[in-house]
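The structure file work23.cif is reproduced below (mmCIF, N, CA and C atoms and all ligand atoms).
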data_start
#
loop_
_atom_site.group_PDB
_atom_site.id
_atom_site.type_symbol
_atom_site.label_atom_id
_atom_site.label_comp_id
_atom_site.auth_asym_id
_atom_site.auth_seq_id
_atom_site.Cartn_x
_atom_site.Cartn_y
_atom_site.Cartn_z
ATOM 1 N N MET A 1 65.301 71.821 72.905
ATOM 2 C CA MET A 1 65.955 71.860 71.600
ATOM 3 C C MET A 1 65.090 72.643 70.623
ATOM 4 N N GLU A 2 65.705 73.536 69.913
ATOM 5 C CA GLU A 2 64.938 74.390 69.026
ATOM 6 C C GLU A 2 64.567 73.682 67.721
ATOM 7 N N GLY A 3 65.402 72.741 67.282
ATOM 8 C CA GLY A 3 65.090 72.021 66.063
ATOM 9 C C GLY A 3 65.564 72.719 64.813
ATOM 10 N N ARG A 4 66.286 73.795 64.983
ATOM 11 C CA ARG A 4 66.766 74.516 63.803
ATOM 12 C C ARG A 4 68.270 74.709 63.943
ATOM 13 N N CYS A 5 68.959 74.557 62.826
ATOM 14 C CA CYS A 5 70.410 74.752 62.843
ATOM 15 C C CYS A 5 70.720 76.182 63.275
ATOM 16 N N PRO A 6 71.489 76.375 64.361
ATOM 17 C CA PRO A 6 71.749 77.725 64.868
ATOM 18 C C PRO A 6 72.481 78.594 63.858
ATOM 19 N N ALA A 7 73.238 77.983 62.971
ATOM 20 C CA ALA A 7 73.970 78.760 61.974
ATOM 21 C C ALA A 7 73.109 79.053 60.744
ATOM 22 N N GLY A 8 71.929 78.431 60.701
ATOM 23 C CA GLY A 8 71.048 78.653 59.555
ATOM 24 C C GLY A 8 71.528 77.956 58.302
ATOM 25 N N VAL A 9 72.410 76.994 58.470
ATOM 26 C CA VAL A 9 72.986 76.316 57.306
ATOM 27 C C VAL A 9 72.200 75.051 56.965
ATOM 28 N N CYS A 10 71.932 74.259 57.989
ATOM 29 C CA CYS A 10 71.250 72.988 57.746
ATOM 30 C C CYS A 10 69.781 73.225 57.435
ATOM 31 N N GLN A 11 69.231 72.355 56.631
ATOM 32 C CA GLN A 11 67.815 72.460 56.292
ATOM 33 C C GLN A 11 66.933 72.117 57.480
ATOM 34 N N GLY A 12 67.428 71.296 58.359
ATOM 35 C CA GLY A 12 66.644 70.911 59.535
ATOM 36 C C GLY A 12 67.269 69.697 60.158
ATOM 37 N N LEU A 13 67.064 69.554 61.466
ATOM 38 C CA LEU A 13 67.618 68.384 62.118
ATOM 39 C C LEU A 13 66.857 67.149 61.674
ATOM 40 N N ARG A 14 65.624 67.372 61.314
ATOM 41 C CA ARG A 14 64.776 66.291 60.868
ATOM 42 C C ARG A 14 63.932 66.851 59.740
ATOM 43 N N ILE A 15 63.865 66.188 58.645
ATOM 44 C CA ILE A 15 63.019 66.669 57.556
ATOM 45 C C ILE A 15 61.819 65.747 57.449
ATOM 46 N N CYS A 16 60.654 66.332 57.461
ATOM 47 C CA CYS A 16 59.444 65.531 57.438
ATOM 48 C C CYS A 16 58.778 65.599 56.081
ATOM 49 N N ASP A 17 58.076 64.541 55.770
ATOM 50 C CA ASP A 17 57.330 64.480 54.529
ATOM 51 C C ASP A 17 56.028 63.746 54.825
ATOM 52 N N ILE A 18 54.980 64.111 54.119
ATOM 53 C CA ILE A 18 53.687 63.465 54.358
ATOM 54 C C ILE A 18 53.396 62.480 53.236
ATOM 55 N N ASP A 19 53.050 61.266 53.626
ATOM 56 C CA ASP A 19 52.678 60.252 52.645
ATOM 57 C C ASP A 19 51.225 60.482 52.257
ATOM 58 N N PRO A 20 50.983 60.913 51.022
ATOM 59 C CA PRO A 20 49.611 61.233 50.622
ATOM 60 C C PRO A 20 48.697 60.012 50.602
ATOM 61 N N GLY A 21 49.302 58.832 50.570
ATOM 62 C CA GLY A 21 48.495 57.617 50.585
ATOM 63 C C GLY A 21 47.969 57.286 51.972
ATOM 64 N N LEU A 22 48.618 57.824 52.993
ATOM 65 C CA LEU A 22 48.198 57.553 54.368
ATOM 66 C C LEU A 22 47.424 58.712 54.977
ATOM 67 N N CYS A 23 47.703 59.922 54.488
ATOM 68 C CA CYS A 23 47.094 61.116 55.076
ATOM 69 C C CYS A 23 45.598 61.184 54.771
ATOM 70 N N THR A 24 44.818 61.397 55.823
ATOM 71 C CA THR A 24 43.364 61.500 55.671
ATOM 72 C C THR A 24 42.891 62.949 55.648
ATOM 73 N N GLY A 25 43.833 63.876 55.800
ATOM 74 C CA GLY A 25 43.451 65.293 55.786
ATOM 75 C C GLY A 25 42.735 65.725 57.045
ATOM 76 N N CYS A 26 43.143 65.151 58.170
ATOM 77 C CA CYS A 26 42.453 65.471 59.429
ATOM 78 C C CYS A 26 42.819 66.862 59.957
ATOM 79 N N THR A 27 43.893 67.451 59.452
ATOM 80 C CA THR A 27 44.380 68.800 59.776
ATOM 81 C C THR A 27 45.122 68.910 61.116
ATOM 82 N N LEU A 28 45.235 67.809 61.851
ATOM 83 C CA LEU A 28 45.892 67.894 63.166
ATOM 84 C C LEU A 28 47.327 68.380 63.062
ATOM 85 N N CYS A 29 48.049 67.892 62.070
ATOM 86 C CA CYS A 29 49.457 68.284 61.937
ATOM 87 C C CYS A 29 49.573 69.774 61.660
ATOM 88 N N ALA A 30 48.699 70.281 60.789
ATOM 89 C CA ALA A 30 48.758 71.704 60.455
ATOM 90 C C ALA A 30 48.462 72.551 61.688
ATOM 91 N N LYS A 31 47.522 72.084 62.499
ATOM 92 C CA LYS A 31 47.183 72.834 63.713
ATOM 93 C C LYS A 31 48.345 72.836 64.696
ATOM 94 N N ASN A 32 49.130 71.772 64.690
ATOM 95 C CA ASN A 32 50.224 71.648 65.653
ATOM 96 C C ASN A 32 51.555 72.158 65.124
ATOM 97 N N CYS A 33 51.606 72.556 63.892
ATOM 98 C CA CYS A 33 52.880 73.023 63.334
ATOM 99 C C CYS A 33 53.146 74.460 63.793
ATOM 100 N N PRO A 34 54.238 74.683 64.533
ATOM 101 C CA PRO A 34 54.532 76.031 65.032
ATOM 102 C C PRO A 34 55.032 76.961 63.933
ATOM 103 N N SER A 35 55.369 76.406 62.791
ATOM 104 C CA SER A 35 55.947 77.230 61.724
ATOM 105 C C SER A 35 54.975 77.482 60.576
ATOM 106 N N ASP A 36 53.736 77.021 60.738
ATOM 107 C CA ASP A 36 52.759 77.220 59.669
ATOM 108 C C ASP A 36 53.258 76.646 58.348
ATOM 109 N N ALA A 37 53.886 75.492 58.441
ATOM 110 C CA ALA A 37 54.545 74.923 57.264
ATOM 111 C C ALA A 37 53.712 73.858 56.562
ATOM 112 N N ILE A 38 52.517 73.572 57.101
ATOM 113 C CA ILE A 38 51.722 72.494 56.511
ATOM 114 C C ILE A 38 50.463 73.060 55.873
ATOM 115 N N ILE A 39 50.273 72.677 54.632
ATOM 116 C CA ILE A 39 49.104 73.175 53.906
ATOM 117 C C ILE A 39 48.256 72.002 53.434
ATOM 118 N N GLY A 40 47.001 72.277 53.209
ATOM 119 C CA GLY A 40 46.100 71.250 52.705
ATOM 120 C C GLY A 40 44.686 71.512 53.176
ATOM 121 N N LYS A 41 43.738 71.020 52.402
ATOM 122 C CA LYS A 41 42.340 71.164 52.783
ATOM 123 C C LYS A 41 41.918 69.965 53.611
ATOM 124 N N ARG A 42 40.966 70.192 54.497
ATOM 125 C CA ARG A 42 40.413 69.106 55.289
ATOM 126 C C ARG A 42 39.917 67.986 54.359
ATOM 127 N N LYS A 43 40.244 66.771 54.717
ATOM 128 C CA LYS A 43 39.881 65.561 53.981
ATOM 129 C C LYS A 43 40.703 65.342 52.713
ATOM 130 N N PHE A 44 41.701 66.199 52.501
ATOM 131 C CA PHE A 44 42.621 65.982 51.382
ATOM 132 C C PHE A 44 44.040 65.874 51.945
ATOM 133 N N ALA A 45 44.879 65.149 51.235
ATOM 134 C CA ALA A 45 46.251 64.964 51.706
ATOM 135 C C ALA A 45 46.949 66.309 51.878
ATOM 136 N N HIS A 46 47.636 66.437 52.990
ATOM 137 C CA HIS A 46 48.360 67.663 53.297
ATOM 138 C C HIS A 46 49.804 67.559 52.800
ATOM 139 N N SER A 47 50.453 68.687 52.744
ATOM 140 C CA SER A 47 51.861 68.654 52.367
ATOM 141 C C SER A 47 52.648 69.695 53.160
ATOM 142 N N ILE A 48 53.940 69.487 53.217
ATOM 143 C CA ILE A 48 54.824 70.333 54.024
ATOM 144 C C ILE A 48 55.626 71.261 53.121
ATOM 145 N N ILE A 49 55.622 72.521 53.469
ATOM 146 C CA ILE A 49 56.464 73.491 52.762
ATOM 147 C C ILE A 49 57.846 73.428 53.408
ATOM 148 N N VAL A 50 58.759 72.796 52.711
ATOM 149 C CA VAL A 50 60.065 72.485 53.296
ATOM 150 C C VAL A 50 60.805 73.752 53.735
ATOM 151 N N ASP A 51 60.667 74.817 52.988
ATOM 152 C CA ASP A 51 61.377 76.056 53.318
ATOM 153 C C ASP A 51 60.950 76.631 54.668
ATOM 154 N N ARG A 52 59.723 76.322 55.077
ATOM 155 C CA ARG A 52 59.230 76.857 56.353
ATOM 156 C C ARG A 52 59.470 75.888 57.499
ATOM 157 N N CYS A 53 59.680 74.630 57.178
ATOM 158 C CA CYS A 53 59.770 73.587 58.207
ATOM 159 C C CYS A 53 61.070 73.685 58.983
ATOM 160 N N SER A 54 60.943 73.682 60.299
ATOM 161 C CA SER A 54 62.129 73.738 61.154
ATOM 162 C C SER A 54 62.596 72.347 61.550
ATOM 163 N N GLY A 55 61.827 71.345 61.187
ATOM 164 C CA GLY A 55 62.208 69.978 61.542
ATOM 165 C C GLY A 55 61.916 69.623 62.982
ATOM 166 N N CYS A 56 60.942 70.287 63.588
ATOM 167 C CA CYS A 56 60.683 70.067 65.016
ATOM 168 C C CYS A 56 60.051 68.708 65.304
ATOM 169 N N GLY A 57 59.347 68.151 64.324
ATOM 170 C CA GLY A 57 58.761 66.835 64.519
ATOM 171 C C GLY A 57 57.377 66.832 65.133
ATOM 172 N N ALA A 58 56.819 68.014 65.415
ATOM 173 C CA ALA A 58 55.496 68.071 66.054
ATOM 174 C C ALA A 58 54.421 67.451 65.166
ATOM 175 N N CYS A 59 54.566 67.582 63.879
ATOM 176 C CA CYS A 59 53.558 67.024 62.969
ATOM 177 C C CYS A 59 53.566 65.498 63.045
ATOM 178 N N ALA A 60 54.754 64.929 63.046
ATOM 179 C CA ALA A 60 54.845 63.468 63.127
ATOM 180 C C ALA A 60 54.268 62.969 64.440
ATOM 181 N N ASP A 61 54.531 63.718 65.512
ATOM 182 C CA ASP A 61 54.027 63.312 66.822
ATOM 183 C C ASP A 61 52.511 63.429 66.910
ATOM 184 N N SER A 62 51.921 64.327 66.144
ATOM 185 C CA SER A 62 50.478 64.559 66.265
ATOM 186 C C SER A 62 49.650 63.751 65.274
ATOM 187 N N CYS A 63 50.287 63.128 64.297
ATOM 188 C CA CYS A 63 49.523 62.436 63.253
ATOM 189 C C CYS A 63 48.989 61.091 63.735
ATOM 190 N N PRO A 64 47.662 60.898 63.704
ATOM 191 C CA PRO A 64 47.082 59.636 64.160
ATOM 192 C C PRO A 64 47.232 58.505 63.146
ATOM 193 N N LYS A 65 47.650 58.837 61.949
ATOM 194 C CA LYS A 65 47.770 57.828 60.885
ATOM 195 C C LYS A 65 49.214 57.464 60.556
ATOM 196 N N GLN A 66 50.130 58.011 61.301
ATOM 197 C CA GLN A 66 51.552 57.803 61.010
ATOM 198 C C GLN A 66 51.868 58.126 59.540
ATOM 199 N N ALA A 67 51.242 59.181 59.066
ATOM 200 C CA ALA A 67 51.434 59.567 57.667
ATOM 201 C C ALA A 67 52.618 60.507 57.483
ATOM 202 N N VAL A 68 53.131 61.038 58.605
ATOM 203 C CA VAL A 68 54.281 61.927 58.501
ATOM 204 C C VAL A 68 55.550 61.104 58.664
ATOM 205 N N LEU A 69 56.333 61.134 57.647
ATOM 206 C CA LEU A 69 57.569 60.378 57.666
ATOM 207 C C LEU A 69 58.697 61.311 58.060
ATOM 208 N N ALA A 70 59.400 60.977 59.115
ATOM 209 C CA ALA A 70 60.541 61.789 59.537
ATOM 210 C C ALA A 70 61.789 61.113 58.988
ATOM 211 N N VAL A 71 62.470 61.818 58.158
ATOM 212 C CA VAL A 71 63.673 61.259 57.558
ATOM 213 C C VAL A 71 64.879 62.084 57.981
ATOM 214 N N ALA A 72 66.031 61.503 57.865
ATOM 215 C CA ALA A 72 67.258 62.209 58.246
ATOM 216 C C ALA A 72 67.433 63.452 57.391
ATOM 217 N N GLY A 73 68.086 64.451 57.975
ATOM 218 C CA GLY A 73 68.232 65.719 57.283
ATOM 219 C C GLY A 73 69.195 65.686 56.119
ATOM 220 N N GLU A 74 69.940 64.622 55.990
ATOM 221 C CA GLU A 74 70.903 64.558 54.891
ATOM 222 C C GLU A 74 70.446 63.600 53.823
ATOM 223 N N ASP A 75 70.784 63.911 52.607
ATOM 224 C CA ASP A 75 70.452 63.049 51.475
ATOM 225 C C ASP A 75 71.240 61.745 51.600
ATOM 226 N N PRO A 76 70.540 60.610 51.688
ATOM 227 C CA PRO A 76 71.224 59.349 51.897
ATOM 228 C C PRO A 76 71.996 58.855 50.682
ATOM 229 N N SER A 77 71.754 59.426 49.530
ATOM 230 C CA SER A 77 72.407 58.919 48.318
ATOM 231 C C SER A 77 73.850 59.402 48.194
HETATM 232 S S1 LIG B 1 58.486 69.246 61.511
HETATM 233 FE FE1 LIG B 1 57.616 70.957 62.751
HETATM 234 S S2 LIG B 1 57.908 72.781 61.488
HETATM 235 FE FE2 LIG B 1 58.135 71.012 60.125
HETATM 236 S S3 LIG B 1 56.103 70.690 59.243
HETATM 237 FE FE3 LIG B 1 56.282 69.370 61.065
HETATM 238 S S4 LIG B 1 55.409 70.560 62.766
HETATM 239 FE FE4 LIG B 1 55.846 71.984 61.064
HETATM 240 S S1 LIG B 2 47.871 64.670 61.043
HETATM 241 FE FE1 LIG B 2 48.432 63.027 59.594
HETATM 242 S S2 LIG B 2 46.499 62.336 58.688
HETATM 243 FE FE2 LIG B 2 46.112 64.330 59.677
HETATM 244 S S3 LIG B 2 46.387 65.838 58.011
HETATM 245 FE FE3 LIG B 2 48.364 65.630 59.059
HETATM 246 S S4 LIG B 2 49.521 64.046 57.916
HETATM 247 FE FE4 LIG B 2 47.346 63.911 57.327
#

Output the file's structure as structure tokens, nothing else.
Amino acid sequence: MEGRCPAGVCQGLRICDIDPGLCTGCTLCAKNCPSDAIIGKRKFAHSIIVDRCSGCGACADSCPKQAVLAVAGEDPS
């Protein structure tokens, strides 16, 4: 699965966000992100550039602190 809407319409099958309260800035997620969508300095909370994120989920899978929250691609409200 590519993780990206083939029509380019959807923002992502999965939208991830990093909880700055849990993130230790270990950089693992940034190293594992195939889209170069995660920024941050070592030892500081990282963040995801949503426009670059394909929603692949690799960051959530690689985070040892469970700081990456994978949420549904649609606004629940
Ligand atoms: S979901 Fe994939 S593309 Fe998006 S920030 Fe995480 S690793 Fe990068
Ligand atoms: S892998 Fe987790 S703890 Fe490490 S920088 Fe990324 S979000 Fe933060």

task: Show me which residues sit within 6.5 Å of ligand LIG 1 (chain B) when counting only N, CA and C atoms and all ligand atoms, and put them as a ChimeraX atom specification.
output: /A:14-16,29,32-38,48-49,52-60

Can I get the residues of chain A within 12 Å of ligand LIG 2 (chain B), each with the closest pair of atoms and their distance in Å to one decimal, using only C-alpha atoms and all ligand atoms, sorted chain first then ascending number, as a tab-separated table?
residue	atom	partner	partner_atom	distance
A:Cys16	CA	B:LIG2	S4	10.0
A:Asp17	CA	B:LIG2	S4	8.5
A:Ile18	CA	B:LIG2	S4	5.5
A:Asp19	CA	B:LIG2	S4	7.2
A:Pro20	CA	B:LIG2	FE4	7.6
A:Gly21	CA	B:LIG2	FE4	9.3
A:Leu22	CA	B:LIG2	S2	6.7
A:Cys23	CA	B:LIG2	FE4	3.6
A:Thr24	CA	B:LIG2	S2	4.4
A:Gly25	CA	B:LIG2	S3	3.7
A:Cys26	CA	B:LIG2	FE2	3.8
A:Thr27	CA	B:LIG2	S3	4.0
A:Leu28	CA	B:LIG2	S1	4.3
A:Cys29	CA	B:LIG2	S1	4.0
A:Ala30	CA	B:LIG2	FE3	6.2
A:Lys31	CA	B:LIG2	S1	8.6
A:Asn32	CA	B:LIG2	S1	8.7
A:Cys33	CA	B:LIG2	FE3	9.7
A:Ala37	CA	B:LIG2	FE3	11.3
A:Ile38	CA	B:LIG2	FE3	8.1
A:Ile39	CA	B:LIG2	S3	8.8
A:Gly40	CA	B:LIG2	S3	7.6
A:Lys41	CA	B:LIG2	S3	8.5
A:Arg42	CA	B:LIG2	S3	7.3
A:Lys43	CA	B:LIG2	S3	7.7
A:Phe44	CA	B:LIG2	S3	7.6
A:Ala45	CA	B:LIG2	FE4	5.8
A:His46	CA	B:LIG2	S3	5.4
A:Ser47	CA	B:LIG2	S4	7.6
A:Ile48	CA	B:LIG2	S4	9.1
A:Gly57	CA	B:LIG2	S1	11.6
A:Ala58	CA	B:LIG2	S1	9.7
A:Cys59	CA	B:LIG2	S1	6.4
A:Ala60	CA	B:LIG2	FE1	7.3
A:Asp61	CA	B:LIG2	S1	8.6
A:Ser62	CA	B:LIG2	S1	5.8
A:Cys63	CA	B:LIG2	S1	3.6
A:Pro64	CA	B:LIG2	FE1	5.8
A:Lys65	CA	B:LIG2	S2	5.2
A:Gln66	CA	B:LIG2	FE1	6.2
A:Ala67	CA	B:LIG2	S4	4.9
A:Val68	CA	B:LIG2	S4	5.2
A:Leu69	CA	B:LIG2	S4	8.8
A:Ala70	CA	B:LIG2	S4	11.4

message: Based on the backbone DSSP call, show me all residues of stretch 43-74 of chain A assigned alpha helix (DSSP H), as a list in words.
response: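 The alpha helix (DSSP H) subset of stretch 43-74 of chain A is Ala58, Cys59, Ala60, Asp61 and Ser62 of chain A.
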
What are the centre and edge lengths in Å, to one decimal, of the axis-aligned box around all listed atoms of stretch 17-20 of chain A with 6 Å added on each side, as JSON?
{"center_x": 53.4, "center_y": 62.3, "center_z": 53.2, "size_x": 21.4, "size_y": 16.5, "size_z": 17.2}
